[in-house]
Amino acid sequence: MRYSNYFLPTLKETPADAEVVSHKLMLRSGMMNKLAAGIYNYLPLGLRVIRKVENIVRDCMNEAGAIEVLMASVQPAELWEESGRWGYYGNELLRFKDRHQRDFCMGPTHEEVITDIVRSYVKSYRQLPVNLYQMQTKFRDEVRPRFGLMRGREFIMKDAYSFDTTEEGANNSYQKMRNAYCKIFEACGLEYRMVDADSGAIGGSFSHEFMVLAETGEDMVISCDKCDYAANVEKAIVIDKGEVATAPMLEVKRVVTKAAHTVADVAAMLSLPPNQIVKTMIVVADEVLVAVLIRGDHELNEAKIKNLLGAAVVELATAAQIVEATGGPIGYSGPVGLKLPIYADNAVKYLRNICVGGNEKEIHLEGVNLERDFKVRQFADLRNAEAGDSCPVCTGSYLNTRGIEVGHIFKLGTKYSEAMKATFLDADGKSNDIIMGCYGIGIGRTAAAAIEQNHDENGIIFPMAIAPFHVIITMVNPKDEEVARASVELYDDLQKAGIEVLLDDRDERPGAKFKDADLIGIPLRVTVGARGLKEGLFELQERRSGEREMLPIAETAQTIVSRVRKALNLRG
RNA sequence: CGGGGAGUAGCGCAGUCUGGUAGCGCACCUGCCUUGGGAGUAGGGGGUCGCAAGUUCGAAUCUUGUCUCCCCGACCA
């Protein structure tokens with residue numbers, strides 16, 4: 001591609017509304033532009049990158065035996081009513097009516113549609129298993145779109161759905177996708193972790209997230225500093241470890257704590273370390289109130305209490321509910337004399353002489369002890385993991401890092417097939433629900449994550465596999481006939497060899513061209529100038545390291561071809 | 001949805017407090033000059049100041065309403 005014929009509007013200055021580096025660089029490099037909040041146009045350069053990511057994903061999916069389809073983006077409400085999600089999904093679902101006043105939505109995901117397709121055609125176990133996927137533009141009316149492609153409302157996603165007749169089959173399908181995902185993110189040149197995740201609202205039995213490690217990530221990832229264990233904060237296991245304190249039990253003492261209703265306030269007022277205070281959180285689990293005890297310096301993990309109780313919904317009680325249940329205002333709840341079932345985090349059982357709320361305005365109790373003063377129905381892992389906690393798998397300890405969720409795989413089970421009657425007849429002629437799995441990858445988010453992980457102060461540094469071009473040839477002075485001739489010759493040779501080349505033939509000052517080349521992140525740059533030509537040399541510069549070398553003109557094309565092939569790991 | 005901030009030329013911004021008919025840098029167009037890290041020079045084009053109503057002789061500037069965008073929080077496959 002000749003730059004002079006291309007459409008590549010780079011910006012010298014960063015648009016004011018971009019916050020994170022990938023967003024800034026994608027705007028500055030002319031990869032995309034904004035049409036509305038969370039809605040972007042892909043310009044030619046950005047589209048090339050998107051296509052690269054898509055093709056890597058496509059190759060790996062096909063290799064794993066998945067079959068590509070393309071479903072409708074506009075979906076009828078009936079399907080969503082069948083699965084029960086029309087009422088459940090909330091404002092994130094963009095709904096509208098057609099001219100006949102029938103309800104539709106822009107698809108935010110396609111479980112309903114794919115299940116409808118499969119149930120229409122699949123009747124027999126002989127037709128299974130099958131795994132269908134698509135790359136498609138989805139729409140989720142996010143509360144707060146931000147960070148460019150990282151959290152857009154309209155975004156391209158690869159979503160795959162597997163259908164199996166047995167648990168083993170479904171697990172096998174899941175494993176295949178897991179392996180394919182590892183391949184995909186490796187092929188994209190990303191540093192990532194696969195983490196245990198909570199399966200959340202989509203339902204199902206188990207799930208992994210693929211997180212690209214980056215400081216600007218929106219998710220917290222707990223990972224072991226010694227082994228491969230990594231998990232979402234929601235899910236990270238905190239092992240039950242400790243010894244019961246041996247201090248003699250003190251008498252319970254009432255203390256007045258005016259206007260102190262946070263752990264920090266109480267700790268400061270009574271000169272106690274926060275880990276000697278136990279907070280009593282009142283939560284509502286499917287309309288039943290329970291108390292949860294958490295050490296003062298820890299955080300309650302709502303997903304864990306939800307799973308422990310087997311509840312569908314868990315939320316913190318309102319101030320009014322707390323007053324009614326405990327007799328005291330919010331901030332002064334405690335386990336002593338409390339009429340609710342009490343659950344406690346494991347850490348609580350090792351404490352002696354703790355400080356708790358008195359269930360009375362401005363009163364706390366000190367010297368409180370388990371068993372003597374209150375009873376706990378069940379101890380469990382109920383808090384968020386923290387950096388420094390012990391790894392459940394090895395002897396390492398937890399690190400707290402940030403990640404960008406680029407992929408998520410779920411074993412769904414029969415949630416949708418049951419609701420939507422997607423069944424098959426087994427060898428005995430008996431009807432069964434199909435066992436499903438679903439597997440997503442954010443295509444644009446993957447591209448953005450790659451930039452978060454690969455950039456410097458001058459711009460993007462694309463990994464070869466997803467670079468919009470492999471090489472850029474910078475003509476120092478395109479008006480110099482020798483320079484023009486030699487550049488075009490190299491350009492032709494490289495193209496014939498299947499290398500993707502951008503020829504910067506613009507009549508611009510060299511400095512401007514170098515800056516643009518750096519900004520758009522092409523991995524290799526050949527500089528063709530009168531100075532080098534006199535010696536019969538081209539200059540080859542690597543974007544990432546900045547290393548330059550002078551190559552004889554005759555050898556340059558071949559050197560580049562082998563460098564590109566090597567960087568692509570001989571793929572293609 | 002709660003809190004905060006911003007809408008003035010393609011981009012980045014000043015001007016608003018104290019009303020007098022819009023400016024700077026970059027980009028763009030033309031000429032000269034220049035060609036290894038966003039040159040120099042001379043000239044030029046481009047804005048109903050987000051929108052609407054109001055106050056006023058006069059509104060980018062004051063008032064009210066409204067829309068949009070950004071940040072923090074809550075929420076989230």
# chains A, B, ... in the order shown; residues from 1 in each chain; ligands from 1
>>> interface_residues(of="chain A", to="chain B", cutoff="6 Å", atoms="only C-alpha atoms (C1' of nucleotides)", output="list in words")
Asp17, Asn477, Arg509, Gly511 and Ala512 of chain A
>>> residues_around(residues="A:Arg377", least_positions_apart="3", cutoff="12 Å", atoms="only C-alpha atoms (C1' of nucleotides)", output="PDB file with N, CA, C and O atoms, in the first residue's frame")
ATOM      1  N   VAL A 290     -29.309 -12.809  57.049  1.00  0.00           N
ATOM      2  CA  VAL A 290     -28.311 -13.533  57.822  1.00  0.00           C
ATOM      3  C   VAL A 290     -27.196 -12.563  58.181  1.00  0.00           C
ATOM      4  O   VAL A 290     -27.039 -11.522  57.549  1.00  0.00           O
ATOM      5  N   ALA A 291     -26.438 -12.930  59.227  1.00  0.00           N
ATOM      6  CA  ALA A 291     -25.310 -12.099  59.621  1.00  0.00           C
ATOM      7  C   ALA A 291     -24.036 -12.791  59.168  1.00  0.00           C
ATOM      8  O   ALA A 291     -23.926 -14.009  59.232  1.00  0.00           O
ATOM      9  N   VAL A 292     -23.083 -11.994  58.700  1.00  0.00           N
ATOM     10  CA  VAL A 292     -21.794 -12.544  58.280  1.00  0.00           C
ATOM     11  C   VAL A 292     -20.693 -11.800  59.019  1.00  0.00           C
ATOM     12  O   VAL A 292     -20.645 -10.574  58.990  1.00  0.00           O
ATOM     13  N   LEU A 293     -19.837 -12.569  59.712  1.00  0.00           N
ATOM     14  CA  LEU A 293     -18.750 -11.945  60.468  1.00  0.00           C
ATOM     15  C   LEU A 293     -17.465 -11.970  59.649  1.00  0.00           C
ATOM     16  O   LEU A 293     -17.075 -13.020  59.129  1.00  0.00           O
ATOM     17  N   LEU A 309     -24.652 -20.155  50.627  1.00  0.00           N
ATOM     18  CA  LEU A 309     -26.064 -20.273  50.991  1.00  0.00           C
ATOM     19  C   LEU A 309     -26.902 -20.844  49.852  1.00  0.00           C
ATOM     20  O   LEU A 309     -28.084 -21.124  50.030  1.00  0.00           O
ATOM     21  N   PRO A 335     -22.590  -9.794  66.902  1.00  0.00           N
ATOM     22  CA  PRO A 335     -23.134 -11.144  67.007  1.00  0.00           C
ATOM     23  C   PRO A 335     -23.724 -11.480  68.379  1.00  0.00           C
ATOM     24  O   PRO A 335     -24.465 -12.455  68.498  1.00  0.00           O
ATOM     25  N   LYS A 339     -30.341 -12.392  66.825  1.00  0.00           N
ATOM     26  CA  LYS A 339     -31.313 -13.447  66.553  1.00  0.00           C
ATOM     27  C   LYS A 339     -31.182 -14.059  65.155  1.00  0.00           C
ATOM     28  O   LYS A 339     -31.949 -14.921  64.790  1.00  0.00           O
ATOM     29  N   LEU A 340     -30.243 -13.585  64.383  1.00  0.00           N
ATOM     30  CA  LEU A 340     -30.113 -14.088  63.008  1.00  0.00           C
ATOM     31  C   LEU A 340     -29.134 -15.265  62.954  1.00  0.00           C
ATOM     32  O   LEU A 340     -28.261 -15.379  63.810  1.00  0.00           O
ATOM     33  N   PRO A 341     -29.244 -16.119  61.922  1.00  0.00           N
ATOM     34  CA  PRO A 341     -28.215 -17.138  61.711  1.00  0.00           C
ATOM     35  C   PRO A 341     -26.878 -16.433  61.444  1.00  0.00           C
ATOM     36  O   PRO A 341     -26.842 -15.457  60.683  1.00  0.00           O
ATOM     37  N   ILE A 342     -25.814 -16.918  62.084  1.00  0.00           N
ATOM     38  CA  ILE A 342     -24.524 -16.257  61.945  1.00  0.00           C
ATOM     39  C   ILE A 342     -23.545 -17.137  61.176  1.00  0.00           C
ATOM     40  O   ILE A 342     -23.309 -18.290  61.540  1.00  0.00           O
ATOM     41  N   TYR A 343     -22.999 -16.577  60.122  1.00  0.00           N
ATOM     42  CA  TYR A 343     -21.939 -17.237  59.356  1.00  0.00           C
ATOM     43  C   TYR A 343     -20.683 -16.407  59.570  1.00  0.00           C
ATOM     44  O   TYR A 343     -20.764 -15.197  59.781  1.00  0.00           O
ATOM     45  N   ALA A 344     -19.523 -17.056  59.539  1.00  0.00           N
ATOM     46  CA  ALA A 344     -18.313 -16.289  59.789  1.00  0.00           C
ATOM     47  C   ALA A 344     -17.186 -16.746  58.883  1.00  0.00           C
ATOM     48  O   ALA A 344     -17.083 -17.927  58.526  1.00  0.00           O
ATOM     49  N   ASP A 345     -16.368 -15.780  58.519  1.00  0.00           N
ATOM     50  CA  ASP A 345     -15.180 -16.118  57.737  1.00  0.00           C
ATOM     51  C   ASP A 345     -14.232 -16.909  58.630  1.00  0.00           C
ATOM     52  O   ASP A 345     -14.154 -16.687  59.840  1.00  0.00           O
ATOM     53  N   LYS A 349     -12.364 -17.425  63.528  1.00  0.00           N
ATOM     54  CA  LYS A 349     -12.296 -18.444  64.578  1.00  0.00           C
ATOM     55  C   LYS A 349     -10.969 -18.442  65.325  1.00  0.00           C
ATOM     56  O   LYS A 349     -10.831 -19.073  66.362  1.00  0.00           O
ATOM     57  N   LEU A 370     -15.756 -15.996  70.988  1.00  0.00           N
ATOM     58  CA  LEU A 370     -16.509 -17.022  70.282  1.00  0.00           C
ATOM     59  C   LEU A 370     -16.918 -18.112  71.285  1.00  0.00           C
ATOM     60  O   LEU A 370     -16.185 -18.373  72.224  1.00  0.00           O
ATOM     61  N   GLU A 371     -18.070 -18.751  71.031  1.00  0.00           N
ATOM     62  CA  GLU A 371     -18.608 -19.816  71.880  1.00  0.00           C
ATOM     63  C   GLU A 371     -19.113 -19.276  73.207  1.00  0.00           C
ATOM     64  O   GLU A 371     -20.270 -19.454  73.545  1.00  0.00           O
ATOM     65  N   PHE A 374     -21.094 -15.864  71.825  1.00  0.00           N
ATOM     66  CA  PHE A 374     -21.979 -16.027  70.663  1.00  0.00           C
ATOM     67  C   PHE A 374     -21.600 -17.300  69.935  1.00  0.00           C
ATOM     68  O   PHE A 374     -20.501 -17.829  70.125  1.00  0.00           O
ATOM     69  N   ALA A 380     -16.570 -20.447  57.042  1.00  0.00           N
ATOM     70  CA  ALA A 380     -16.259 -20.727  55.637  1.00  0.00           C
ATOM     71  C   ALA A 380     -15.344 -19.636  55.095  1.00  0.00           C
ATOM     72  O   ALA A 380     -15.095 -18.628  55.766  1.00  0.00           O
TER      73      ALA A 380
END
>>> closest_residue(among="A:Asp426, A:Asp265, A:Glu360, A:Glu112", to="A:Leu128", atoms="only C-alpha atoms")
A:Asp426
>>> select_by_dssp(residues="stretch 99-323 of chain A", states="alpha helix (DSSP H)", output="number ranges by chain")
A: 111-121, 167-187, 263-270, 302-309, 319-323
>>> residues_around(residues="B:G31", least_positions_apart="5", cutoff="12 Å", atoms="only C-alpha atoms (C1' of nucleotides)", output="list of chain:residue names")
B:U41, B:A42, B:G43, B:G44
>>> write_last_selection(atoms="all heavy atoms", output="PDB file, in the first residue's frame")
ATOM      1  P     U B  41       9.312  31.382  10.626  1.00  0.00           P
ATOM      2  OP1   U B  41       9.594  32.455  11.610  1.00  0.00           O
ATOM      3  OP2   U B  41       8.171  30.474  10.829  1.00  0.00           O
ATOM      4  O5'   U B  41       9.165  32.042   9.183  1.00  0.00           O
ATOM      5  C5'   U B  41      10.171  32.917   8.673  1.00  0.00           C
ATOM      6  C4'   U B  41       9.880  33.232   7.240  1.00  0.00           C
ATOM      7  O4'   U B  41       9.970  32.024   6.438  1.00  0.00           O
ATOM      8  C3'   U B  41       8.479  33.752   6.945  1.00  0.00           C
ATOM      9  O3'   U B  41       8.338  35.121   7.261  1.00  0.00           O
ATOM     10  C2'   U B  41       8.346  33.456   5.455  1.00  0.00           C
ATOM     11  O2'   U B  41       9.065  34.401   4.679  1.00  0.00           O
ATOM     12  C1'   U B  41       9.052  32.100   5.354  1.00  0.00           C
ATOM     13  N1    U B  41       8.091  30.975   5.473  1.00  0.00           N
ATOM     14  C2    U B  41       7.421  30.590   4.329  1.00  0.00           C
ATOM     15  O2    U B  41       7.587  31.126   3.247  1.00  0.00           O
ATOM     16  N3    U B  41       6.533  29.550   4.497  1.00  0.00           N
ATOM     17  C4    U B  41       6.264  28.874   5.658  1.00  0.00           C
ATOM     18  O4    U B  41       5.444  27.952   5.643  1.00  0.00           O
ATOM     19  C5    U B  41       6.991  29.343   6.803  1.00  0.00           C
ATOM     20  C6    U B  41       7.857  30.351   6.680  1.00  0.00           C
ATOM     21  P     A B  42       6.957  35.673   7.872  1.00  0.00           P
ATOM     22  OP1   A B  42       7.258  36.949   8.560  1.00  0.00           O
ATOM     23  OP2   A B  42       6.275  34.590   8.598  1.00  0.00           O
ATOM     24  O5'   A B  42       6.127  35.975   6.545  1.00  0.00           O
ATOM     25  C5'   A B  42       6.612  36.927   5.608  1.00  0.00           C
ATOM     26  C4'   A B  42       5.864  36.806   4.319  1.00  0.00           C
ATOM     27  O4'   A B  42       6.188  35.541   3.688  1.00  0.00           O
ATOM     28  C3'   A B  42       4.346  36.759   4.448  1.00  0.00           C
ATOM     29  O3'   A B  42       3.766  38.036   4.647  1.00  0.00           O
ATOM     30  C2'   A B  42       3.960  36.139   3.110  1.00  0.00           C
ATOM     31  O2'   A B  42       4.051  37.080   2.063  1.00  0.00           O
ATOM     32  C1'   A B  42       5.064  35.087   2.957  1.00  0.00           C
ATOM     33  N9    A B  42       4.621  33.795   3.493  1.00  0.00           N
ATOM     34  C8    A B  42       4.828  33.262   4.754  1.00  0.00           C
ATOM     35  N7    A B  42       4.281  32.087   4.921  1.00  0.00           N
ATOM     36  C5    A B  42       3.679  31.819   3.700  1.00  0.00           C
ATOM     37  C6    A B  42       2.935  30.725   3.228  1.00  0.00           C
ATOM     38  N6    A B  42       2.658  29.648   3.957  1.00  0.00           N
ATOM     39  N1    A B  42       2.473  30.779   1.944  1.00  0.00           N
ATOM     40  C2    A B  42       2.744  31.866   1.204  1.00  0.00           C
ATOM     41  N3    A B  42       3.434  32.946   1.545  1.00  0.00           N
ATOM     42  C4    A B  42       3.881  32.862   2.809  1.00  0.00           C
ATOM     43  P     G B  43       2.415  38.181   5.510  1.00  0.00           P
ATOM     44  OP1   G B  43       2.108  39.627   5.603  1.00  0.00           O
ATOM     45  OP2   G B  43       2.537  37.389   6.753  1.00  0.00           O
ATOM     46  O5'   G B  43       1.352  37.460   4.569  1.00  0.00           O
ATOM     47  C5'   G B  43       0.734  38.186   3.515  1.00  0.00           C
ATOM     48  C4'   G B  43       0.078  37.249   2.544  1.00  0.00           C
ATOM     49  O4'   G B  43       0.889  36.062   2.358  1.00  0.00           O
ATOM     50  C3'   G B  43      -1.268  36.674   2.942  1.00  0.00           C
ATOM     51  O3'   G B  43      -2.330  37.599   2.842  1.00  0.00           O
ATOM     52  C2'   G B  43      -1.387  35.527   1.952  1.00  0.00           C
ATOM     53  O2'   G B  43      -1.688  35.997   0.651  1.00  0.00           O
ATOM     54  C1'   G B  43       0.048  34.974   1.969  1.00  0.00           C
ATOM     55  N9    G B  43       0.148  33.892   2.948  1.00  0.00           N
ATOM     56  C8    G B  43       0.759  33.888   4.188  1.00  0.00           C
ATOM     57  N7    G B  43       0.627  32.754   4.814  1.00  0.00           N
ATOM     58  C5    G B  43      -0.116  31.957   3.952  1.00  0.00           C
ATOM     59  C6    G B  43      -0.581  30.622   4.087  1.00  0.00           C
ATOM     60  O6    G B  43      -0.421  29.839   5.028  1.00  0.00           O
ATOM     61  N1    G B  43      -1.315  30.221   2.974  1.00  0.00           N
ATOM     62  C2    G B  43      -1.564  30.997   1.869  1.00  0.00           C
ATOM     63  N2    G B  43      -2.290  30.428   0.898  1.00  0.00           N
ATOM     64  N3    G B  43      -1.137  32.233   1.733  1.00  0.00           N
ATOM     65  C4    G B  43      -0.423  32.654   2.801  1.00  0.00           C
ATOM     66  P     G B  44      -3.535  37.535   3.884  1.00  0.00           P
ATOM     67  OP1   G B  44      -4.439  38.689   3.613  1.00  0.00           O
ATOM     68  OP2   G B  44      -2.984  37.326   5.238  1.00  0.00           O
ATOM     69  O5'   G B  44      -4.292  36.198   3.443  1.00  0.00           O
ATOM     70  C5'   G B  44      -4.884  36.107   2.143  1.00  0.00           C
ATOM     71  C4'   G B  44      -5.377  34.720   1.877  1.00  0.00           C
ATOM     72  O4'   G B  44      -4.311  33.757   2.094  1.00  0.00           O
ATOM     73  C3'   G B  44      -6.487  34.206   2.786  1.00  0.00           C
ATOM     74  O3'   G B  44      -7.751  34.732   2.431  1.00  0.00           O
ATOM     75  C2'   G B  44      -6.398  32.690   2.537  1.00  0.00           C
ATOM     76  O2'   G B  44      -6.983  32.339   1.302  1.00  0.00           O
ATOM     77  C1'   G B  44      -4.880  32.495   2.436  1.00  0.00           C
ATOM     78  N9    G B  44      -4.306  32.016   3.697  1.00  0.00           N
ATOM     79  C8    G B  44      -3.511  32.705   4.585  1.00  0.00           C
ATOM     80  N7    G B  44      -3.151  31.981   5.621  1.00  0.00           N
ATOM     81  C5    G B  44      -3.752  30.743   5.396  1.00  0.00           C
ATOM     82  C6    G B  44      -3.722  29.548   6.167  1.00  0.00           C
ATOM     83  O6    G B  44      -3.136  29.347   7.237  1.00  0.00           O
ATOM     84  N1    G B  44      -4.471  28.532   5.570  1.00  0.00           N
ATOM     85  C2    G B  44      -5.150  28.653   4.396  1.00  0.00           C
ATOM     86  N2    G B  44      -5.807  27.566   3.981  1.00  0.00           N
ATOM     87  N3    G B  44      -5.176  29.756   3.656  1.00  0.00           N
ATOM     88  C4    G B  44      -4.458  30.748   4.219  1.00  0.00           C
TER      89        G B  44
END
>>> closest_residue(among="B:C57, B:U64, B:C49, B:G19", to="B:G7", atoms="only C-alpha atoms (C1' of nucleotides)")
B:C49
>>> select_by_dssp(residues="stretch 164-218 of chain A", states="strand (DSSP E or B)", output="list in words")
Asp164, Tyr192, Arg193, Met194, Val195, Asp196, Phe206, Ser207, His208, Glu209, Phe210, Met211, Val212 and Leu213 of chain A
>>> write_last_selection(atoms="N, CA and C atoms", output="PDB file, in the first residue's frame")
ATOM      1  N   ASP A 164     -23.438 -30.782  23.519  1.00  0.00           N
ATOM      2  CA  ASP A 164     -22.994 -32.156  23.743  1.00  0.00           C
ATOM      3  C   ASP A 164     -24.106 -32.999  24.351  1.00  0.00           C
ATOM      4  N   TYR A 192      -0.668 -13.248  29.088  1.00  0.00           N
ATOM      5  CA  TYR A 192      -2.005 -13.392  29.663  1.00  0.00           C
ATOM      6  C   TYR A 192      -1.985 -14.445  30.753  1.00  0.00           C
ATOM      7  N   ARG A 193      -3.050 -14.489  31.525  1.00  0.00           N
ATOM      8  CA  ARG A 193      -3.252 -15.552  32.500  1.00  0.00           C
ATOM      9  C   ARG A 193      -4.657 -16.100  32.328  1.00  0.00           C
ATOM     10  N   MET A 194      -4.781 -17.391  32.517  1.00  0.00           N
ATOM     11  CA  MET A 194      -6.105 -17.983  32.540  1.00  0.00           C
ATOM     12  C   MET A 194      -6.511 -18.070  34.007  1.00  0.00           C
ATOM     13  N   VAL A 195      -7.656 -17.543  34.351  1.00  0.00           N
ATOM     14  CA  VAL A 195      -8.016 -17.514  35.761  1.00  0.00           C
ATOM     15  C   VAL A 195      -9.368 -18.180  36.011  1.00  0.00           C
ATOM     16  N   ASP A 196      -9.483 -18.763  37.198  1.00  0.00           N
ATOM     17  CA  ASP A 196     -10.767 -19.288  37.669  1.00  0.00           C
ATOM     18  C   ASP A 196     -11.706 -18.117  37.841  1.00  0.00           C
ATOM     19  N   PHE A 206     -18.902 -24.084  35.598  1.00  0.00           N
ATOM     20  CA  PHE A 206     -17.582 -23.535  35.804  1.00  0.00           C
ATOM     21  C   PHE A 206     -17.130 -22.691  34.644  1.00  0.00           C
ATOM     22  N   SER A 207     -16.056 -21.979  34.878  1.00  0.00           N
ATOM     23  CA  SER A 207     -15.755 -20.895  33.972  1.00  0.00           C
ATOM     24  C   SER A 207     -14.331 -20.404  34.168  1.00  0.00           C
ATOM     25  N   HIS A 208     -13.700 -20.019  33.078  1.00  0.00           N
ATOM     26  CA  HIS A 208     -12.378 -19.402  33.165  1.00  0.00           C
ATOM     27  C   HIS A 208     -12.371 -18.093  32.389  1.00  0.00           C
ATOM     28  N   GLU A 209     -11.599 -17.164  32.909  1.00  0.00           N
ATOM     29  CA  GLU A 209     -11.406 -15.920  32.188  1.00  0.00           C
ATOM     30  C   GLU A 209      -9.975 -15.870  31.691  1.00  0.00           C
ATOM     31  N   PHE A 210      -9.799 -15.228  30.540  1.00  0.00           N
ATOM     32  CA  PHE A 210      -8.455 -15.019  30.018  1.00  0.00           C
ATOM     33  C   PHE A 210      -8.136 -13.547  30.183  1.00  0.00           C
ATOM     34  N   MET A 211      -7.139 -13.288  31.015  1.00  0.00           N
ATOM     35  CA  MET A 211      -6.837 -11.903  31.356  1.00  0.00           C
ATOM     36  C   MET A 211      -5.478 -11.512  30.790  1.00  0.00           C
ATOM     37  N   VAL A 212      -5.460 -10.411  30.063  1.00  0.00           N
ATOM     38  CA  VAL A 212      -4.197  -9.843  29.630  1.00  0.00           C
ATOM     39  C   VAL A 212      -3.714  -8.943  30.757  1.00  0.00           C
ATOM     40  N   LEU A 213      -2.500  -9.178  31.208  1.00  0.00           N
ATOM     41  CA  LEU A 213      -2.015  -8.411  32.340  1.00  0.00           C
ATOM     42  C   LEU A 213      -1.622  -7.003  31.892  1.00  0.00           C
TER      43      LEU A 213
END
>>> closest_residue(among="A:Glu68, A:Asp103, A:Glu19, A:Asp225", to="A:Gly148", atoms="only C-alpha atoms")
A:Glu19
>>> atom_distance(atom1="atom CA of A:Leu540", atom2="atom CA of A:Leu47")
26.3 Å
>>> residues_around(residues="A:Ala319", least_positions_apart="6", cutoff="12 Å", atoms="only C-alpha atoms (C1' of nucleotides)", output="ChimeraX atom specification")
/A:281-284,325-333
>>> atom_distance(atom1="atom CA of A:Ser417", atom2="atom CA of A:Arg119")
8.2 Å
>>> residues_around(residues="stretch 421-423 of chain A", least_positions_apart="4", cutoff="8 Å", atoms="only C-alpha atoms (C1' of nucleotides)", output="ChimeraX atom specification")
/A:115-116,118-119,122-123,416-417,431-434
>>> write_last_selection(atoms="all heavy atoms", output="compact mmCIF listing (two decimals), in the first residue's frame")
# COMPACT_ATOMS: atom_id res chain seq x y z
N THR A 115 -29.42 -21.44 20.45
CA THR A 115 -30.20 -22.55 20.98
C THR A 115 -31.42 -22.80 20.09
O THR A 115 -31.79 -23.94 19.83
CB THR A 115 -30.63 -22.26 22.43
OG1 THR A 115 -29.46 -21.95 23.19
CG2 THR A 115 -31.32 -23.45 23.04
N ASP A 116 -31.97 -21.71 19.59
CA ASP A 116 -33.11 -21.83 18.69
C ASP A 116 -32.71 -22.54 17.40
O ASP A 116 -33.43 -23.39 16.89
CB ASP A 116 -33.69 -20.45 18.39
CG ASP A 116 -34.90 -20.54 17.49
OD1 ASP A 116 -35.88 -21.21 17.89
OD2 ASP A 116 -34.86 -19.98 16.38
N VAL A 118 -30.17 -24.62 16.97
CA VAL A 118 -29.83 -26.02 17.20
C VAL A 118 -31.07 -26.87 17.48
O VAL A 118 -31.21 -27.96 16.95
CB VAL A 118 -28.79 -26.14 18.34
CG1 VAL A 118 -28.64 -27.57 18.80
CG2 VAL A 118 -27.45 -25.61 17.84
N ARG A 119 -32.01 -26.32 18.24
CA ARG A 119 -33.19 -27.14 18.55
C ARG A 119 -34.03 -27.37 17.30
O ARG A 119 -34.79 -28.33 17.22
CB ARG A 119 -34.02 -26.49 19.65
CG ARG A 119 -34.77 -25.25 19.20
CD ARG A 119 -35.63 -24.69 20.31
NE ARG A 119 -36.14 -23.38 19.93
CZ ARG A 119 -36.87 -22.63 20.72
NH1 ARG A 119 -37.17 -23.03 21.95
NH2 ARG A 119 -37.30 -21.45 20.31
N VAL A 122 -31.40 -30.11 15.33
CA VAL A 122 -30.78 -31.26 15.99
C VAL A 122 -31.84 -32.05 16.76
O VAL A 122 -32.52 -31.51 17.62
CB VAL A 122 -29.66 -30.81 16.95
CG1 VAL A 122 -29.15 -31.98 17.77
CG2 VAL A 122 -28.52 -30.18 16.15
N LYS A 123 -31.99 -33.31 16.35
CA LYS A 123 -33.00 -34.15 17.00
C LYS A 123 -32.37 -35.38 17.63
O LYS A 123 -32.94 -35.98 18.52
CB LYS A 123 -34.04 -34.62 15.96
CG LYS A 123 -34.73 -33.50 15.21
CD LYS A 123 -35.60 -32.67 16.13
CE LYS A 123 -36.15 -31.45 15.39
NZ LYS A 123 -36.72 -30.46 16.32
N TYR A 416 -30.01 -23.16 29.26
CA TYR A 416 -30.77 -22.66 28.11
C TYR A 416 -31.51 -23.77 27.38
O TYR A 416 -32.63 -23.59 26.94
CB TYR A 416 -29.85 -21.91 27.15
CG TYR A 416 -29.30 -20.67 27.79
CD1 TYR A 416 -28.08 -20.67 28.45
CD2 TYR A 416 -30.05 -19.49 27.80
CE1 TYR A 416 -27.60 -19.55 29.09
CE2 TYR A 416 -29.59 -18.36 28.43
CZ TYR A 416 -28.35 -18.39 29.08
OH TYR A 416 -27.90 -17.27 29.72
N SER A 417 -30.86 -24.95 27.27
CA SER A 417 -31.52 -26.02 26.54
C SER A 417 -32.80 -26.45 27.27
O SER A 417 -33.81 -26.75 26.63
CB SER A 417 -30.57 -27.21 26.36
OG SER A 417 -29.96 -27.56 27.58
N SER A 431 -35.58 -38.77 25.49
CA SER A 431 -35.29 -37.36 25.26
C SER A 431 -34.44 -36.76 26.40
O SER A 431 -34.71 -37.01 27.57
CB SER A 431 -36.62 -36.60 25.16
OG SER A 431 -36.38 -35.24 24.97
N ASN A 432 -33.40 -36.02 26.02
CA ASN A 432 -32.51 -35.38 27.01
C ASN A 432 -32.23 -33.93 26.63
O ASN A 432 -32.27 -33.59 25.45
CB ASN A 432 -31.15 -36.09 27.03
CG ASN A 432 -31.25 -37.50 27.52
OD1 ASN A 432 -31.42 -37.75 28.70
ND2 ASN A 432 -31.17 -38.45 26.60
N ASP A 433 -31.90 -33.14 27.65
CA ASP A 433 -31.50 -31.76 27.36
C ASP A 433 -30.06 -31.76 26.84
O ASP A 433 -29.21 -32.48 27.36
CB ASP A 433 -31.55 -30.91 28.64
CG ASP A 433 -32.97 -30.73 29.14
OD1 ASP A 433 -33.88 -30.65 28.28
OD2 ASP A 433 -33.17 -30.69 30.37
N ILE A 434 -29.82 -30.93 25.85
CA ILE A 434 -28.46 -30.82 25.31
C ILE A 434 -27.60 -30.05 26.32
O ILE A 434 -28.08 -29.10 26.96
CB ILE A 434 -28.47 -30.08 23.96
CG1 ILE A 434 -29.35 -30.84 22.96
CG2 ILE A 434 -27.05 -29.94 23.42
CD1 ILE A 434 -29.48 -30.16 21.62
>>> atom_distance(atom1="atom CA of A:Cys182", atom2="atom CA of A:Val57")
10.7 Å
>>> decode(residues="stretch 66-71 of chain B", atoms="C-alpha atoms (C1' of nucleotides)", output="short mmCIF file (atom, residue, chain, number, x, y, z; two decimals), in the first residue's frame")
data_model
loop_
_atom_site.label_atom_id
_atom_site.label_comp_id
_atom_site.auth_asym_id
_atom_site.auth_seq_id
_atom_site.Cartn_x
_atom_site.Cartn_y
_atom_site.Cartn_z
"C1'" U B 66 -32.42 20.93 27.13
"C1'" C B 67 -28.88 17.68 24.54
"C1'" U B 68 -24.07 15.67 24.24
"C1'" C B 69 -19.31 14.21 26.01
"C1'" C B 70 -15.55 13.09 29.86
"C1'" C B 71 -13.94 11.64 34.96
#
